[in-house]
Every structure is written in C-alpha cells, then in structure tokens.
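Here is the structure we will look at, set down as structure tokens.
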Amino acid sequence: MNRYIRMIKINLVKRKIEEVIKGSSVPEDPIHSKNTLEWLLKLMPNADESLKIAALGHDIERAIEKRKVRRQDYKDYDAFKDAHAFNSANILTEIMQACDIDQKMINEVFSLVRHHETGGTDRIDILKDADSISYFEVNLPHYFIRNSLQETKRRCFWGYRRLSDRGKKIVAELNYQNKNIKSLLKVCIDECEQKVLR
Ligand SMILES: [Fe+2]
C-alpha cells in the first residue's frame, strides 16, 4: 500500500481515538492517553505505529458511557481489568476497520491492547510499563481525590507490582506536590520491596 495513504489512515485513527477519549467522564483520560504514548516513546523511541495506536487507545472503552465495563459486575479487580482490555481492543478494532486499516495492523493493535494489563511479549510489556508509569504520573493524584485512602493504596500496590524493574525506578523518582500522595507511594514501595526481600 502507498505509504502516504497508509499514514493518512493511521492519522485518522489517532484523531478518532482522541475525539472519543475527549468525551470521557474520567477527567484524566485524555492526558493519560497522550502521556502513555510519551512514556512508550521514552522506553522505546522507535516504537511502530501499532504500538502508538495501542498506547493512545488502550483505555478507550472507559470513555464510552454506554459500552464501558463496570467494576461491580466482576468478581474481582483482575477480572474487571481483563474485560476492560477486551472491550477496548474491540472498540479500537471497529475504529480501525472504519478507517480501512489493513488486517495485519488491526490484529497487532488488538493483541497489544487485549493483553496490556497482563503483558506477555516484549512489545506488550513495554506498553504495560508505559501505561503503569503514566498511571502514577498522571492518574494517581486524580484517583486519590475520588477514592478512599484504602482504595488508593490498593490501586497503588496493584500498579506498582505490575511495573518492570526499570518502571519501578522511574516511578520511585516521580514528584508529587501533595505530600499525602508522596507518603502513600513511599509506603507502597517500601512494603512491596520488603515482600520481595522476605
Ligand atoms: Fe491506562
């Protein structure tokens, strides 16, 4: 396929993703989408277009009120996150099909997003890491305001444990204006490291 036409289609997909995520009721979703892409490019400067689309759209289902999955409908947080990943992968597939993206790329983006919560290959693991680092940089302060201390702590543990060693080092150096978030993260890191040493 002509490379110029291919890039036009890819840029159209990115614009559609941005439009959908702009409508999210979760205020940090648009920032998290772009910030995950920024972290992806820091971790893997030569990331291809499939990875970039996956980074931008990995949480897209959360922006669509009528289609988003709800925590209370799942037996535990991992089951909820698995359904979230599957739903986002399906929605991105629909967008890519509408933009006439080739099937190979559709399959690749589907697979990256489908498994972005659990990882599995080098490429998925990089997306997972970019997503997790971005959670701590962008989402955590918002999550802290919306949820109880106990729930924020649980989410911090869940997010920290899924980071690579490189991601853990990056997150440990993040700075927060809110002292409570700073100390919450420190407790989370200390407890996780102690469990590893035990
Ligand atoms: Fe995410």
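Residue numbers start at 1 in each chain; chains themselves are named A, B, ... in the order of the structure tokens; ligands are numbered from 1 in the order shown.
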
* Once you count only C-alpha atoms and all ligand atoms, which residues end up within 8 Å of ligand 1, and could you hand them over as an NGL selection string? -> :A and (32-33 or 36 or 58-59 or 131-132 or 134-135)

How would the residues just chosen look if you wrote them out with C-alpha atoms as a PDB file, in the first residue's frame?
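This went into out_27.pdb:
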ATOM      1  CA  HIS A  32      -3.325   9.624  30.328  1.00  0.00           C
ATOM      2  CA  SER A  33      -3.751   8.596  26.682  1.00  0.00           C
ATOM      3  CA  THR A  36       1.163   6.788  27.899  1.00  0.00           C
ATOM      4  CA  HIS A  58      -5.692   1.217  25.346  1.00  0.00           C
ATOM      5  CA  ASP A  59      -8.327   2.589  27.745  1.00  0.00           C
ATOM      6  CA  ASP A 131       0.637   2.588  30.975  1.00  0.00           C
ATOM      7  CA  SER A 132       1.664   1.799  34.558  1.00  0.00           C
ATOM      8  CA  SER A 134       1.657   7.034  33.365  1.00  0.00           C
ATOM      9  CA  TYR A 135      -0.900   5.892  35.957  1.00  0.00           C
TER      10      TYR A 135
END

* **alpha helix (DSSP H) call set, DSSP backbone run, segment 22-161 of chain A, as an NGL selection string** => :A and (22 or 29-43 or 49-57 or 77-98 or 103-114 or 122-134 or 140-146 or 149-161)

Contacts of segment 160-169 of chain A at 12 Å (only C-alpha atoms; same-chain gap of 6+ positions) as a PDB file with N, CA and C atoms, in the first residue's frame:
ATOM      1  N   TRP A  39       5.440   8.097  27.346  1.00  0.00           N
ATOM      2  CA  TRP A  39       6.291   7.135  28.065  1.00  0.00           C
ATOM      3  C   TRP A  39       6.717   5.991  27.161  1.00  0.00           C
ATOM      4  N   LEU A  40       5.800   5.544  26.306  1.00  0.00           N
ATOM      5  CA  LEU A  40       6.141   4.483  25.348  1.00  0.00           C
ATOM      6  C   LEU A  40       7.355   4.907  24.515  1.00  0.00           C
ATOM      7  N   LYS A  42       9.586   7.127  25.263  1.00  0.00           N
ATOM      8  CA  LYS A  42      10.805   7.234  26.081  1.00  0.00           C
ATOM      9  C   LYS A  42      11.419   5.845  26.276  1.00  0.00           C
ATOM     10  N   LEU A  43      10.543   4.852  26.478  1.00  0.00           N
ATOM     11  CA  LEU A  43      11.036   3.481  26.711  1.00  0.00           C
ATOM     12  C   LEU A  43      11.478   2.818  25.411  1.00  0.00           C
ATOM     13  N   ASP A  78      -8.994  -8.029  38.856  1.00  0.00           N
ATOM     14  CA  ASP A  78      -8.313  -8.572  37.670  1.00  0.00           C
ATOM     15  C   ASP A  78      -9.318  -8.953  36.575  1.00  0.00           C
ATOM     16  N   HIS A 116      -2.807  -5.720  27.471  1.00  0.00           N
ATOM     17  CA  HIS A 116      -1.976  -4.659  28.059  1.00  0.00           C
ATOM     18  C   HIS A 116      -1.989  -4.643  29.586  1.00  0.00           C
ATOM     19  N   GLU A 117      -2.961  -5.284  30.194  1.00  0.00           N
ATOM     20  CA  GLU A 117      -2.986  -5.310  31.663  1.00  0.00           C
ATOM     21  C   GLU A 117      -2.092  -6.412  32.235  1.00  0.00           C
ATOM     22  N   THR A 118      -1.853  -7.443  31.451  1.00  0.00           N
ATOM     23  CA  THR A 118      -1.102  -8.589  31.979  1.00  0.00           C
ATOM     24  C   THR A 118       0.273  -8.761  31.333  1.00  0.00           C
ATOM     25  N   GLY A 119       0.477  -8.205  30.143  1.00  0.00           N
ATOM     26  CA  GLY A 119       1.756  -8.364  29.443  1.00  0.00           C
ATOM     27  C   GLY A 119       1.863  -9.738  28.794  1.00  0.00           C
ATOM     28  N   GLY A 120       3.071 -10.078  28.361  1.00  0.00           N
ATOM     29  CA  GLY A 120       3.239 -11.410  27.760  1.00  0.00           C
ATOM     30  C   GLY A 120       4.350 -11.468  26.720  1.00  0.00           C
ATOM     31  N   ASP A 122       7.565  -8.962  24.642  1.00  0.00           N
ATOM     32  CA  ASP A 122       8.376  -7.755  24.879  1.00  0.00           C
ATOM     33  C   ASP A 122       7.592  -6.495  24.536  1.00  0.00           C
ATOM     34  N   ASP A 125       4.769  -5.894  26.983  1.00  0.00           N
ATOM     35  CA  ASP A 125       5.332  -5.492  28.279  1.00  0.00           C
ATOM     36  C   ASP A 125       5.732  -4.012  28.281  1.00  0.00           C
ATOM     37  N   ILE A 126       6.208  -3.509  27.148  1.00  0.00           N
ATOM     38  CA  ILE A 126       6.585  -2.088  27.072  1.00  0.00           C
ATOM     39  C   ILE A 126       5.338  -1.207  27.166  1.00  0.00           C
ATOM     40  N   LEU A 127       4.266  -1.628  26.485  1.00  0.00           N
ATOM     41  CA  LEU A 127       3.004  -0.888  26.575  1.00  0.00           C
ATOM     42  C   LEU A 127       2.478  -0.904  28.018  1.00  0.00           C
ATOM     43  N   LYS A 128       2.540  -2.066  28.621  1.00  0.00           N
ATOM     44  CA  LYS A 128       2.077  -2.223  30.009  1.00  0.00           C
ATOM     45  C   LYS A 128       2.875  -1.311  30.956  1.00  0.00           C
ATOM     46  N   ASP A 129       4.179  -1.245  30.731  1.00  0.00           N
ATOM     47  CA  ASP A 129       5.029  -0.404  31.560  1.00  0.00           C
ATOM     48  C   ASP A 129       4.719   1.081  31.352  1.00  0.00           C
ATOM     49  N   ALA A 130       4.573   1.487  30.095  1.00  0.00           N
ATOM     50  CA  ALA A 130       4.260   2.892  29.796  1.00  0.00           C
ATOM     51  C   ALA A 130       2.932   3.273  30.457  1.00  0.00           C
ATOM     52  N   ASP A 131       1.957   2.372  30.366  1.00  0.00           N
ATOM     53  CA  ASP A 131       0.637   2.588  30.975  1.00  0.00           C
ATOM     54  C   ASP A 131       0.767   2.715  32.497  1.00  0.00           C
ATOM     55  N   SER A 132       1.538   1.809  33.091  1.00  0.00           N
ATOM     56  CA  SER A 132       1.664   1.799  34.558  1.00  0.00           C
ATOM     57  C   SER A 132       2.395   3.041  35.054  1.00  0.00           C
ATOM     58  N   ILE A 133       3.483   3.416  34.374  1.00  0.00           N
ATOM     59  CA  ILE A 133       4.218   4.626  34.787  1.00  0.00           C
ATOM     60  C   ILE A 133       3.292   5.833  34.674  1.00  0.00           C
ATOM     61  N   SER A 134       2.563   5.907  33.569  1.00  0.00           N
ATOM     62  CA  SER A 134       1.657   7.034  33.365  1.00  0.00           C
ATOM     63  C   SER A 134       0.565   7.077  34.435  1.00  0.00           C
ATOM     64  N   TYR A 135       0.094   5.905  34.868  1.00  0.00           N
ATOM     65  CA  TYR A 135      -0.900   5.892  35.957  1.00  0.00           C
ATOM     66  C   TYR A 135      -0.344   6.673  37.144  1.00  0.00           C
ATOM     67  N   PHE A 136       0.900   6.364  37.517  1.00  0.00           N
ATOM     68  CA  PHE A 136       1.474   7.020  38.698  1.00  0.00           C
ATOM     69  C   PHE A 136       1.724   8.510  38.439  1.00  0.00           C
ATOM     70  N   GLU A 137       2.137   8.841  37.235  1.00  0.00           N
ATOM     71  CA  GLU A 137       2.433  10.251  36.964  1.00  0.00           C
ATOM     72  C   GLU A 137       1.163  11.094  36.822  1.00  0.00           C
ATOM     73  N   LEU A 140      -2.817   8.968  39.357  1.00  0.00           N
ATOM     74  CA  LEU A 140      -2.842   8.791  40.815  1.00  0.00           C
ATOM     75  C   LEU A 140      -3.383  10.008  41.581  1.00  0.00           C
ATOM     76  N   THR A 152      -7.122   3.792  47.281  1.00  0.00           N
ATOM     77  CA  THR A 152      -5.986   4.346  46.526  1.00  0.00           C
ATOM     78  C   THR A 152      -4.732   3.519  46.809  1.00  0.00           C
ATOM     79  N   LYS A 153      -4.586   3.106  48.063  1.00  0.00           N
ATOM     80  CA  LYS A 153      -3.424   2.285  48.435  1.00  0.00           C
ATOM     81  C   LYS A 153      -3.468   0.944  47.691  1.00  0.00           C
ATOM     82  N   ARG A 154      -4.650   0.338  47.658  1.00  0.00           N
ATOM     83  CA  ARG A 154      -4.803  -0.943  46.946  1.00  0.00           C
ATOM     84  C   ARG A 154      -4.432  -0.781  45.476  1.00  0.00           C
ATOM     85  N   LEU A 184       2.083   8.044  50.632  1.00  0.00           N
ATOM     86  CA  LEU A 184       1.352   6.818  50.265  1.00  0.00           C
ATOM     87  C   LEU A 184       2.192   5.958  49.306  1.00  0.00           C
ATOM     88  N   LEU A 185       2.788   6.604  48.329  1.00  0.00           N
ATOM     89  CA  LEU A 185       3.606   5.873  47.363  1.00  0.00           C
ATOM     90  C   LEU A 185       4.849   5.292  48.044  1.00  0.00           C
ATOM     91  N   LYS A 186       5.404   6.050  48.965  1.00  0.00           N
ATOM     92  CA  LYS A 186       6.599   5.555  49.665  1.00  0.00           C
ATOM     93  C   LYS A 186       6.269   4.294  50.474  1.00  0.00           C
ATOM     94  N   VAL A 187       5.119   4.330  51.155  1.00  0.00           N
ATOM     95  CA  VAL A 187       4.680   3.155  51.928  1.00  0.00           C
ATOM     96  C   VAL A 187       4.505   1.963  50.990  1.00  0.00           C
ATOM     97  N   CYS A 188       3.873   2.224  49.856  1.00  0.00           N
ATOM     98  CA  CYS A 188       3.605   1.169  48.879  1.00  0.00           C
ATOM     99  C   CYS A 188       4.922   0.560  48.364  1.00  0.00           C
ATOM    100  N   ILE A 189       5.872   1.429  48.024  1.00  0.00           N
ATOM    101  CA  ILE A 189       7.163   0.938  47.504  1.00  0.00           C
ATOM    102  C   ILE A 189       7.886   0.143  48.598  1.00  0.00           C
ATOM    103  N   ASP A 190       7.947   0.703  49.813  1.00  0.00           N
ATOM    104  CA  ASP A 190       8.650   0.020  50.916  1.00  0.00           C
ATOM    105  C   ASP A 190       8.038  -1.351  51.186  1.00  0.00           C
ATOM    106  N   GLU A 191       6.717  -1.405  51.255  1.00  0.00           N
ATOM    107  CA  GLU A 191       6.053  -2.694  51.542  1.00  0.00           C
ATOM    108  C   GLU A 191       6.296  -3.703  50.428  1.00  0.00           C
ATOM    109  N   CYS A 192       6.225  -3.253  49.188  1.00  0.00           N
ATOM    110  CA  CYS A 192       6.456  -4.156  48.049  1.00  0.00           C
ATOM    111  C   CYS A 192       7.879  -4.678  48.069  1.00  0.00           C
ATOM    112  N   GLU A 193       8.845  -3.784  48.338  1.00  0.00           N
ATOM    113  CA  GLU A 193      10.262  -4.208  48.341  1.00  0.00           C
ATOM    114  C   GLU A 193      10.515  -5.187  49.494  1.00  0.00           C
ATOM    115  N   LYS A 195       8.405  -7.275  50.795  1.00  0.00           N
ATOM    116  CA  LYS A 195       7.804  -8.563  50.433  1.00  0.00           C
ATOM    117  C   LYS A 195       8.741  -9.323  49.505  1.00  0.00           C
ATOM    118  N   VAL A 196       9.399  -8.603  48.597  1.00  0.00           N
ATOM    119  CA  VAL A 196      10.322  -9.246  47.666  1.00  0.00           C
ATOM    120  C   VAL A 196      11.510  -9.823  48.426  1.00  0.00           C
TER     121      VAL A 196
END

* **Atom-to-atom span, atom CA of Tyr176 of chain A and atom CA of Tyr143 of chain A, Å** => 13.4 Å

Which residues of segment 56-166 of chain A sit at most 12 Å from segment 7-11 of chain A, using only C-alpha atoms? Give each one's shortest atom pair and distance in Å (one decimal place), in chain and ascending residue order, as a tab-separated table.
residue	atom	partner	partner_atom	distance
A:Leu56	CA	A:Asn11	CA	11.7
A:Ile95	CA	A:Ile10	CA	10.5
A:Met96	CA	A:Ile10	CA	8.3
A:Gln97	CA	A:Lys9	CA	10.3
A:Ala98	CA	A:Lys9	CA	9.7
A:Cys99	CA	A:Lys9	CA	5.9
A:Asp100	CA	A:Lys9	CA	7.0
A:Ile101	CA	A:Lys9	CA	6.6
A:Asp102	CA	A:Lys9	CA	9.8
A:Met105	CA	A:Ile10	CA	10.0
A:Ile106	CA	A:Ile10	CA	10.9
A:Val109	CA	A:Ile10	CA	11.8

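Our summary of the geometry notes that atom CA of Lys66 of chain A is positioned 18.3 Å from atom CA of Pro30 of chain A.
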
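The coordinates place atom CA of Cys156 of chain A at 9.9 Å from atom CA of Phe144 of chain A.
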